[in-house]
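A.B. asks: JSON, C-alpha atoms, saved as input.json, coming up:
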```json
[["chain", "number", "residue", "atom", "x", "y", "z"],
["J", 19, "MET", "CA", -19.13, -19.47, 267.43],
["J", 20, "GLU", "CA", -16.54, -22.19, 267.87],
["J", 21, "ALA", "CA", -14.10, -23.10, 265.16],
["J", 22, "VAL", "CA", -10.90, -25.06, 264.80],
["J", 23, "VAL", "CA", -8.03, -22.97, 263.44],
["J", 24, "ALA", "CA", -4.51, -24.34, 263.13],
["J", 25, "GLY", "CA", -5.62, -27.37, 265.11],
["J", 26, "GLN", "CA", -6.88, -25.30, 268.02],
["J", 27, "LYS", "CA", -10.45, -24.84, 269.19],
["J", 28, "LEU", "CA", -11.27, -21.12, 269.22],
["J", 29, "ASN", "CA", -14.13, -18.77, 269.95],
["J", 30, "LEU", "CA", -14.72, -16.52, 266.95],
["J", 31, "THR", "CA", -17.20, -13.78, 266.12],
["J", 32, "GLU", "CA", -19.45, -14.32, 263.12],
["J", 33, "GLU", "CA", -16.96, -12.38, 261.00],
["J", 34, "GLY", "CA", -14.10, -14.59, 262.14],
["J", 35, "TYR", "CA", -12.42, -12.40, 264.78],
["J", 36, "LEU", "CA", -11.03, -14.01, 267.92],
["J", 37, "THR", "CA", -13.09, -13.14, 270.98],
["J", 38, "ASP", "CA", -10.29, -14.01, 273.39],
["J", 39, "PHE", "CA", -6.83, -12.71, 272.56],
["J", 40, "SER", "CA", -5.19, -15.12, 275.03],
["J", 41, "GLN", "CA", -6.05, -17.92, 272.61],
["J", 42, "TRP", "CA", -3.99, -16.31, 269.84],
["J", 43, "THR", "CA", -0.78, -17.86, 268.55],
["J", 44, "LYS", "CA", 1.39, -17.03, 265.56],
["J", 45, "GLU", "CA", 0.19, -20.25, 263.90],
["J", 46, "ILE", "CA", -3.40, -19.08, 264.21],
["J", 47, "GLY", "CA", -2.42, -15.70, 262.76],
["J", 48, "ASN", "CA", -0.75, -17.47, 259.86],
["J", 49, "GLU", "CA", -3.78, -19.63, 259.21],
["J", 50, "ILE", "CA", -6.16, -16.62, 259.18],
["J", 51, "ALA", "CA", -3.75, -14.76, 256.89],
["J", 52, "LYS", "CA", -3.81, -17.68, 254.47],
["J", 53, "GLN", "CA", -7.60, -17.58, 254.41],
["J", 54, "GLU", "CA", -7.35, -13.89, 253.58],
["J", 55, "GLY", "CA", -4.91, -14.66, 250.80],
["J", 56, "ILE", "CA", -1.93, -13.03, 252.52],
["J", 57, "GLU", "CA", 1.57, -14.49, 252.61],
["J", 58, "MET", "CA", 3.03, -13.30, 255.90],
["J", 59, "THR", "CA", 6.52, -11.78, 255.95],
["J", 60, "ASP", "CA", 8.62, -10.38, 258.83],
["J", 61, "ARG", "CA", 7.27, -6.96, 257.94],
["J", 62, "HIS", "CA", 3.69, -8.20, 258.27],
["J", 63, "TRP", "CA", 4.48, -9.60, 261.73],
["J", 64, "GLU", "CA", 6.06, -6.31, 262.81],
["J", 65, "VAL", "CA", 2.82, -4.54, 261.98],
["J", 66, "ILE", "CA", 0.72, -7.23, 263.67],
["J", 67, "LYS", "CA", 2.83, -6.94, 266.81],
["J", 68, "TRP", "CA", 2.38, -3.15, 266.80],
["J", 69, "LEU", "CA", -1.39, -3.51, 266.42],
["J", 70, "GLN", "CA", -1.52, -5.94, 269.34],
["J", 71, "VAL", "CA", 0.48, -3.58, 271.56],
["J", 72, "GLN", "CA", -1.86, -0.72, 270.64],
["J", 73, "VAL", "CA", -4.95, -2.72, 271.50],
["J", 74, "GLN", "CA", -3.45, -3.95, 274.77],
["J", 75, "ALA", "CA", -2.71, -0.31, 275.64],
["J", 76, "ASP", "CA", -6.41, 0.41, 274.98],
["J", 77, "LYS", "CA", -5.66, 2.67, 272.02],
["J", 78, "ALA", "CA", -8.31, 2.83, 269.30],
["J", 79, "LEU", "CA", -7.09, 1.78, 265.86],
["J", 80, "SER", "CA", -7.74, 3.95, 262.83],
["J", 81, "VAL", "CA", -6.17, 4.71, 259.47],
["J", 82, "ARG", "CA", -5.14, 8.10, 260.84],
["J", 83, "GLY", "CA", -3.46, 6.29, 263.72],
["J", 84, "ILE", "CA", -1.45, 4.26, 261.19],
["J", 85, "LYS", "CA", -0.35, 7.48, 259.52],
["J", 86, "ASN", "CA", 0.96, 8.79, 262.84],
["J", 87, "SER", "CA", 2.35, 5.46, 264.03],
["J", 88, "GLY", "CA", 5.93, 5.97, 262.93],
["J", 89, "VAL", "CA", 5.93, 2.25, 262.13],
["J", 90, "LEU", "CA", 4.52, 2.33, 258.63],
["J", 91, "ASP", "CA", 2.63, 4.69, 256.36],
["J", 92, "ILE", "CA", -0.85, 4.25, 254.92],
["J", 93, "LYS", "CA", 0.41, 3.23, 251.47],
["J", 94, "GLU", "CA", 2.45, 0.38, 252.88],
["J", 95, "PHE", "CA", -0.45, -0.65, 255.12],
["J", 96, "TYR", "CA", -2.72, -1.02, 252.07],
["J", 97, "ALA", "CA", 0.03, -2.85, 250.19],
["J", 98, "LEU", "CA", 0.64, -5.33, 253.01],
["J", 99, "PHE", "CA", -3.01, -6.06, 253.73],
["J", 100, "PRO", "CA", -5.03, -5.49, 250.55],
["J", 101, "GLY", "CA", -8.81, -5.51, 250.66],
["J", 102, "GLY", "CA", -9.41, -3.42, 253.78],
["J", 103, "PRO", "CA", -6.15, -3.32, 255.76],
["J", 104, "LEU", "CA", -7.50, -2.48, 259.21],
["J", 105, "LYS", "CA", -10.16, -5.16, 258.95],
["J", 106, "VAL", "CA", -7.80, -7.83, 257.67],
["J", 107, "SER", "CA", -4.80, -7.06, 259.89],
["J", 108, "THR", "CA", -6.82, -7.02, 263.11],
["J", 109, "LYS", "CA", -8.32, -10.37, 262.23],
["J", 110, "ILE", "CA", -4.84, -11.82, 261.79],
["J", 111, "ALA", "CA", -3.68, -10.12, 264.99],
["J", 112, "GLY", "CA", -6.47, -11.74, 266.99],
["J", 113, "VAL", "CA", -7.79, -8.40, 268.25],
["J", 114, "PRO", "CA", -11.35, -7.05, 267.90],
["J", 115, "LYS", "CA", -12.49, -5.51, 264.62],
["J", 116, "PRO", "CA", -12.00, -1.72, 264.97],
["J", 117, "LYS", "CA", -15.17, 0.32, 265.27],
["J", 118, "SER", "CA", -13.62, 3.43, 263.79],
["J", 119, "CYS", "CA", -15.14, 5.01, 260.67],
["J", 120, "ILE", "CA", -11.89, 6.71, 259.75],
["G", 10, "MET", "CA", -20.03, -12.76, 255.90],
["G", 11, "GLY", "CA", -20.22, -12.55, 252.12],
["G", 12, "LYS", "CA", -18.09, -10.30, 249.99],
["G", 13, "THR", "CA", -19.58, -6.89, 249.29],
["G", 14, "VAL", "CA", -21.30, -6.41, 245.94],
["G", 15, "VAL", "CA", -20.13, -2.80, 245.80],
["G", 16, "LYS", "CA", -16.80, -2.82, 244.00],
["G", 17, "LYS", "CA", -16.25, 0.86, 243.28],
["G", 18, "MET", "CA", -17.67, 4.11, 244.66],
["G", 19, "LEU", "CA", -17.51, 7.27, 242.58],
["G", 20, "PHE", "CA", -18.33, 10.45, 244.47],
["G", 21, "ILE", "CA", -19.17, 13.78, 242.87],
["G", 22, "LEU", "CA", -18.62, 16.56, 245.39],
["G", 23, "SER", "CA", -20.28, 19.79, 244.24],
["G", 24, "LYS", "CA", -20.43, 21.69, 247.54],
["G", 25, "ALA", "CA", -17.86, 23.32, 249.77],
["G", 26, "THR", "CA", -19.66, 23.33, 253.11],
["G", 27, "LEU", "CA", -17.71, 21.45, 255.73],
["G", 28, "GLU", "CA", -20.47, 18.96, 256.40],
["G", 29, "ASN", "CA", -20.69, 17.97, 252.74],
["G", 30, "VAL", "CA", -16.94, 17.79, 252.24],
["G", 31, "TYR", "CA", -16.56, 15.56, 255.28],
["G", 32, "ALA", "CA", -19.47, 13.38, 254.18],
["G", 33, "ALA", "CA", -17.68, 12.71, 250.89],
["G", 34, "PHE", "CA", -14.28, 12.18, 252.56],
["G", 35, "VAL", "CA", -15.55, 9.83, 255.26],
["G", 36, "MET", "CA", -17.47, 7.74, 252.74],
["G", 37, "ALA", "CA", -14.61, 7.64, 250.25],
["G", 38, "ASN", "CA", -12.15, 6.62, 252.95],
["G", 39, "GLY", "CA", -14.63, 4.16, 254.45],
["G", 40, "ALA", "CA", -14.94, 2.49, 251.08],
["G", 41, "ARG", "CA", -11.19, 1.92, 250.87],
["G", 42, "MET", "CA", -11.21, 0.53, 254.41],
["G", 43, "GLU", "CA", -13.69, -2.07, 253.19],
["G", 44, "GLY", "CA", -11.58, -2.94, 250.20],
["G", 45, "ILE", "CA", -13.81, -0.98, 247.80],
["G", 46, "GLU", "CA", -12.21, 1.21, 245.14],
["G", 47, "SER", "CA", -13.11, 4.86, 245.48],
["G", 48, "GLU", "CA", -12.71, 8.15, 243.64],
["G", 49, "ILE", "CA", -13.88, 11.73, 244.15],
["G", 50, "PHE", "CA", -14.71, 14.19, 241.34],
["G", 51, "PHE", "CA", -14.59, 17.75, 242.64],
["G", 52, "THR", "CA", -16.87, 20.07, 240.71],
["G", 53, "PHE", "CA", -18.28, 23.57, 241.13],
["G", 54, "PHE", "CA", -18.00, 24.67, 244.75],
["G", 55, "GLY", "CA", -16.54, 21.30, 245.65],
["G", 56, "LEU", "CA", -13.34, 22.59, 244.05],
["G", 57, "GLU", "CA", -12.76, 24.72, 247.14],
["G", 58, "ALA", "CA", -11.85, 21.53, 248.99],
["G", 59, "ILE", "CA", -8.81, 20.94, 246.75],
["G", 60, "GLN", "CA", -7.56, 24.51, 246.44],
["G", 61, "THR", "CA", -4.50, 24.77, 248.65],
["G", 62, "LYS", "CA", -5.30, 28.26, 249.89],
["G", 63, "LYS", "CA", -8.97, 27.61, 250.62],
["G", 64, "LEU", "CA", -9.30, 24.05, 251.82],
["G", 65, "ASN", "CA", -8.59, 24.70, 255.48],
["G", 66, "LYS", "CA", -10.99, 27.62, 255.62],
["G", 67, "LEU", "CA", -14.20, 25.82, 254.75],
["G", 68, "SER", "CA", -17.20, 26.40, 256.99],
["G", 69, "VAL", "CA", -20.54, 24.99, 258.02],
["G", 70, "ALA", "CA", -23.70, 26.44, 256.45],
["G", 71, "THR", "CA", -25.50, 28.38, 259.17],
["G", 72, "VAL", "CA", -28.12, 29.90, 256.86],
["G", 73, "GLY", "CA", -30.72, 27.75, 255.13],
["G", 74, "ASN", "CA", -29.74, 24.77, 257.21],
["G", 75, "PRO", "CA", -32.70, 23.66, 259.35],
["G", 76, "ALA", "CA", -30.52, 21.20, 261.28],
["G", 77, "MET", "CA", -28.67, 24.12, 262.89],
["G", 78, "HIS", "CA", -31.83, 24.87, 264.91],
["G", 79, "ILE", "CA", -31.18, 28.57, 264.91],
["G", 80, "PRO", "CA", -33.33, 31.15, 263.15],
["G", 81, "THR", "CA", -32.07, 32.01, 259.66],
["G", 82, "MET", "CA", -31.66, 35.68, 260.66],
["G", 83, "VAL", "CA", -29.41, 34.69, 263.56],
["G", 84, "GLY", "CA", -27.47, 32.33, 261.34],
["G", 85, "GLY", "CA", -26.68, 35.28, 259.09],
["G", 86, "LEU", "CA", -25.18, 37.44, 261.83],
["G", 87, "PRO", "CA", -21.48, 38.24, 261.50],
["G", 88, "GLY", "CA", -19.29, 35.63, 263.13],
["G", 89, "MET", "CA", -21.98, 32.95, 263.31],
["G", 90, "GLU", "CA", -20.49, 30.89, 260.54],
["G", 91, "ALA", "CA", -17.02, 30.96, 262.07],
["G", 92, "PHE", "CA", -18.45, 30.14, 265.48],
["G", 93, "ALA", "CA", -20.42, 27.15, 264.22],
["G", 94, "SER", "CA", -17.49, 25.95, 262.11],
["G", 95, "ASN", "CA", -15.09, 26.08, 265.03],
["G", 96, "MET", "CA", -17.55, 24.17, 267.19],
["G", 97, "MET", "CA", -17.86, 21.49, 264.55],
["G", 98, "LYS", "CA", -14.10, 21.26, 264.01],
["G", 99, "LYS", "CA", -13.58, 20.82, 267.76],
["G", 100, "GLU", "CA", -16.14, 18.05, 267.92],
["G", 101, "MET", "CA", -14.55, 16.34, 264.95],
["G", 102, "GLU", "CA", -11.10, 16.53, 266.47],
["G", 103, "LYS", "CA", -12.51, 14.74, 269.52],
["G", 104, "LEU", "CA", -13.56, 11.93, 267.19],
["G", 105, "ASP", "CA", -10.03, 11.87, 265.76],
["G", 106, "MET", "CA", -11.29, 13.31, 262.46],
["G", 107, "PRO", "CA", -8.41, 14.90, 260.59],
["G", 108, "PRO", "CA", -8.57, 18.46, 259.22],
["G", 109, "VAL", "CA", -9.24, 18.80, 255.48],
["G", 110, "ASP", "CA", -5.58, 18.94, 254.35],
["G", 111, "GLU", "CA", -4.58, 15.89, 256.38],
["G", 112, "PHE", "CA", -7.73, 14.06, 255.30],
["G", 113, "LEU", "CA", -6.81, 14.61, 251.65],
["G", 114, "GLU", "CA", -3.35, 13.14, 252.33],
["G", 115, "ILE", "CA", -4.93, 10.12, 253.96],
["G", 116, "LEU", "CA", -7.35, 9.66, 251.05],
["G", 117, "SER", "CA", -4.58, 9.85, 248.48],
["G", 118, "ALA", "CA", -2.31, 7.48, 250.42],
["G", 119, "SER", "CA", -5.24, 5.08, 250.77],
["G", 120, "GLY", "CA", -5.59, 4.93, 247.00],
["G", 121, "VAL", "CA", -8.61, 7.22, 246.57],
["G", 122, "LYS", "CA", -8.32, 8.94, 243.20],
["G", 123, "LEU", "CA", -8.93, 12.69, 243.33],
["G", 124, "TRP", "CA", -10.13, 14.44, 240.19],
["G", 125, "ALA", "CA", -10.98, 18.06, 239.39],
["G", 126, "CYS", "CA", -13.80, 18.86, 236.96],
["G", 127, "LYS", "CA", -12.49, 20.54, 233.83],
["G", 128, "LEU", "CA", -15.58, 22.64, 233.20],
["G", 129, "ALA", "CA", -15.59, 24.04, 236.73],
["G", 130, "VAL", "CA", -11.83, 24.62, 236.71],
["G", 131, "ASP", "CA", -12.24, 26.66, 233.51],
["G", 132, "MET", "CA", -15.29, 28.48, 234.81],
["G", 133, "PHE", "CA", -13.64, 29.60, 238.05],
["G", 134, "HIS", "CA", -10.35, 30.39, 236.24],
["G", 135, "ILE", "CA", -8.42, 28.05, 238.47],
["G", 136, "SER", "CA", -4.93, 27.04, 237.44],
["G", 137, "GLU", "CA", -3.32, 23.74, 238.30],
["G", 138, "LYS", "CA", -0.90, 25.38, 240.71],
["G", 139, "ASP", "CA", -3.84, 26.44, 242.90],
["G", 140, "LEU", "CA", -4.76, 22.80, 243.38],
["G", 141, "ILE", "CA", -3.34, 20.22, 245.79],
["G", 142, "GLU", "CA", -0.32, 18.17, 244.77],
["G", 143, "ASP", "CA", -2.08, 14.89, 245.42],
["G", 144, "LEU", "CA", -4.60, 15.61, 242.67],
["G", 145, "ASP", "CA", -4.69, 12.80, 240.09],
["G", 146, "GLY", "CA", -5.77, 15.05, 237.25],
["G", 147, "ILE", "CA", -8.41, 17.23, 235.63],
["G", 148, "LEU", "CA", -11.19, 15.34, 233.87],
["G", 149, "THR", "CA", -14.30, 16.04, 231.85],
["G", 150, "ILE", "CA", -17.48, 14.51, 233.19],
["G", 151, "GLY", "CA", -17.32, 12.07, 230.28],
["G", 152, "ASP", "CA", -13.87, 10.91, 231.39],
["G", 153, "PHE", "CA", -15.24, 10.47, 234.88],
["G", 154, "TYR", "CA", -18.21, 8.41, 233.72],
["G", 155, "ASN", "CA", -15.78, 6.20, 231.82],
["G", 156, "ARG", "CA", -14.22, 5.33, 235.15],
["G", 157, "ALA", "CA", -17.45, 3.56, 236.10],
["G", 158, "ASP", "CA", -15.92, 0.71, 234.16],
["G", 159, "GLN", "CA", -16.91, -2.31, 236.14],
["G", 160, "GLU", "CA", -19.93, -4.06, 237.53],
["G", 161, "GLY", "CA", -20.77, -3.00, 241.07],
["G", 162, "THR", "CA", -19.86, 0.67, 240.52],
["G", 163, "GLN", "CA", -21.98, 3.26, 242.31],
["G", 164, "LEU", "CA", -22.08, 6.99, 241.63],
["G", 165, "LEU", "CA", -23.03, 9.39, 244.39],
["G", 166, "PHE", "CA", -23.69, 13.11, 244.04],
["G", 167, "ILE", "CA", -23.02, 15.23, 247.10]]
```
Represent the structure from my file as structure tokens, please.

C.D. replies:
Amino acid sequence: MEAVVAGQKLNLTEEGYLTDFSQWTKEIGNEIAKQEGIEMTDRHWEVIKWLQVQVQADKALSVRGIKNSGVLDIKEFYALFPGGPLKVSTKIAGVPKPKSCI
Amino acid sequence: MGKTVVKKMLFILSKATLENVYAAFVMANGARMEGIESEIFFTFFGLEAIQTKKLNKLSVATVGNPAMHIPTMVGGLPGMEAFASNMMKKEMEKLDMPPVDEFLEILSASGVKLWACKLAVDMFHISEKDLIEDLDGILTIGDFYNRADQEGTQLLFI
């Protein structure tokens, strides 16, 4: 579906994930974060950047992967993105919703 | 997509077979990933999964398990259980499923509360030092029921 986020016309999935990462900007990320009730900090952006690099490198995202990331631990991940961190952070990052069950 | 109506999942794990332990762990972790609160109450044989010396030695049930598709007599042969368990562990590793000890760490870090059942702890003469450090405490079943303290709580017996 099409939607306007941060003044830009975007293609989104029904759950609100970007279908084309090339459309992503930090402003869009910020806007999605606001909708999710998250106030972005530098630390949030660091994690978002890491997620984007992982996805671009074709690495599957999982909670176990966060644990082994060396970037942050699981506790911090849940604290930064409450209410389902993998789901919420990937939406902000403009990458597909992870299919992992773990 | 609307918000989920499930707010809290309470799991009672009463078995120590690998397939049951993983079922509880995957569902408890999956709940947290969806923003749902989740807790596991380990009782009876389920206590094996939180005993430091036993938790990495759990195995698949090869006898009395029709899904194994091997005759019960064969399933009872020496070494069968270890063989089947190793096969399953290998398959799970391929799916990036952590071993039991690491899975417990992930659950705890994700905010899943881990409880041991007082009655079963007493019955098996287990002392607290036999249990994992991440354990949140030892509860009676009454205490555990009291944790079903909000609308949208589901209890699941495994």

A.B. asks: Please measure the separation of CA of Glu32 (chain J) and CA of Tyr96 (chain J), giving the value in Å to one decimal.

C.D. replies: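 A separation of 24.1 Å between them.
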
A.B. asks: Just want the 9 Å neighbourhood of Asp105 (chain G), counted on all atoms listed in the file, with same-chain residues fewer than 4 positions away dropped. Output as JSON, numbers by chain.

C.D. replies: {"J": [80, 82, 83, 120], "G": [100, 101]}

A.B. asks: Just how far from CA of Ala111 (chain J) is CA of Lys67 (chain J), in Å to one decimal?

C.D. replies: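 Atom-to-atom, CA of Lys67 (chain J) and CA of Ala111 (chain J) are spaced 7.5 Å apart.
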
A.B. asks: Please determine the residues with any atom at most 12 Å from (-0.3, -19.9, 265.7) (coordinates as given in the file, with only C-alpha atoms counting) and report them as a PyMOL selection string.

C.D. replies: chain J and resi 22-28+39-52+110-112

A.B. asks: Enumerate, in order of chain and increasing residue number, the residues of chain J with an atom no farther than 7 Å from chain G, each with its shortest atom pair and distance in Å to one decimal, counting all atoms listed in the file, as a Markdown table.

C.D. replies:
```
| residue | atom | partner | partner_atom | distance |
| --- | --- | --- | --- | --- |
| J:Glu33 | CA | G:Met10 | CA | 6.0 |
| J:Ile92 | CA | G:Ala118 | CA | 5.7 |
| J:Lys93 | CA | G:Ala118 | CA | 5.2 |
| J:Tyr96 | CA | G:Ser119 | CA | 6.7 |
| J:Gly101 | CA | G:Gly44 | CA | 3.8 |
| J:Gly102 | CA | G:Gly44 | CA | 4.2 |
| J:Pro103 | CA | G:Met42 | CA | 6.5 |
| J:Leu104 | CA | G:Met42 | CA | 6.8 |
| J:Cys119 | CA | G:Gly39 | CA | 6.3 |
| J:Ile120 | CA | G:Gly39 | CA | 6.5 |
```

A.B. asks: Report the distance between CA of Val69 (chain G) and CA of Gly88 (chain G) in Å, rounded to one decimal place.

C.D. replies: 11.9 Å

A.B. asks: When distances are computed from all atoms listed in the file, which of J:Glu54, J:Lys109, J:Val65, J:Asn29 shows the smallest separation from Glu94 (chain J)?

C.D. replies: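 For Glu94 (chain J), the nearest of the candidates is J:Val65.
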
A.B. asks: Give me the residues near region 150-166 of chain G as a PyMOL selection string, where near means some atom within 9 Å (using only C-alpha atoms) and where sequence neighbours in that chain fewer than 5 positions away do not count.

C.D. replies: chain G and resi 14-23+46+50+124+126-128

A.B. asks: Of the residues J:Thr108, J:Glu20, J:Tyr35, J:Leu30, which is the one nearest to Leu79 (chain J), using only C-alpha atoms?

C.D. replies: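 So, comparing all the options, the nearest one is J:Thr108.
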
A.B. asks: Compare J:Thr59, J:Asn86, J:Gln70, J:Gln53 by their minimum atom-to-atom distance to Lys115 (chain J), counting all atoms listed in the file, and give me the closest one.

C.D. replies: J:Gln70

A.B. asks: So, with only C-alpha atoms as the atoms that count, which of J:Ile66, J:Val73, J:Val106, J:Val113 lies closest to Val89 (chain J)?

C.D. replies: J:Ile66

A.B. asks: Pick from G:Ile49, G:Thr61, G:Phe54, G:Met96: nearest to Lys24 (chain G), with only C-alpha atoms counted?

C.D. replies: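 For Lys24 (chain G), the nearest of the given residues is G:Phe54.
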
A.B. asks: Using only C-alpha atoms, find all polymer residues with an atom at most 9 Å away from the point (-12.2, 21.2, 237.6); report them as a VMD selection string.

C.D. replies: chain G and resid 50 to 53 56 124 to 133 135 146 to 149

A.B. asks: Kindly export the residues of the current selection with C-alpha atoms, as a short mmCIF file (atom, residue, chain, number, x, y, z; two decimals), in the frame of the given file.

C.D. replies:
```cif
data_model
loop_
_atom_site.label_atom_id
_atom_site.label_comp_id
_atom_site.auth_asym_id
_atom_site.auth_seq_id
_atom_site.Cartn_x
_atom_site.Cartn_y
_atom_site.Cartn_z
CA PHE G 50 -14.71 14.19 241.34
CA PHE G 51 -14.59 17.75 242.64
CA THR G 52 -16.87 20.07 240.71
CA PHE G 53 -18.28 23.57 241.13
CA LEU G 56 -13.34 22.59 244.05
CA TRP G 124 -10.13 14.44 240.19
CA ALA G 125 -10.98 18.06 239.39
CA CYS G 126 -13.80 18.86 236.96
CA LYS G 127 -12.49 20.54 233.83
CA LEU G 128 -15.58 22.64 233.20
CA ALA G 129 -15.59 24.04 236.73
CA VAL G 130 -11.83 24.62 236.71
CA ASP G 131 -12.24 26.66 233.51
CA MET G 132 -15.29 28.48 234.81
CA PHE G 133 -13.64 29.60 238.05
CA ILE G 135 -8.42 28.05 238.47
CA GLY G 146 -5.77 15.05 237.25
CA ILE G 147 -8.41 17.23 235.63
CA LEU G 148 -11.19 15.34 233.87
CA THR G 149 -14.30 16.04 231.85
#
```
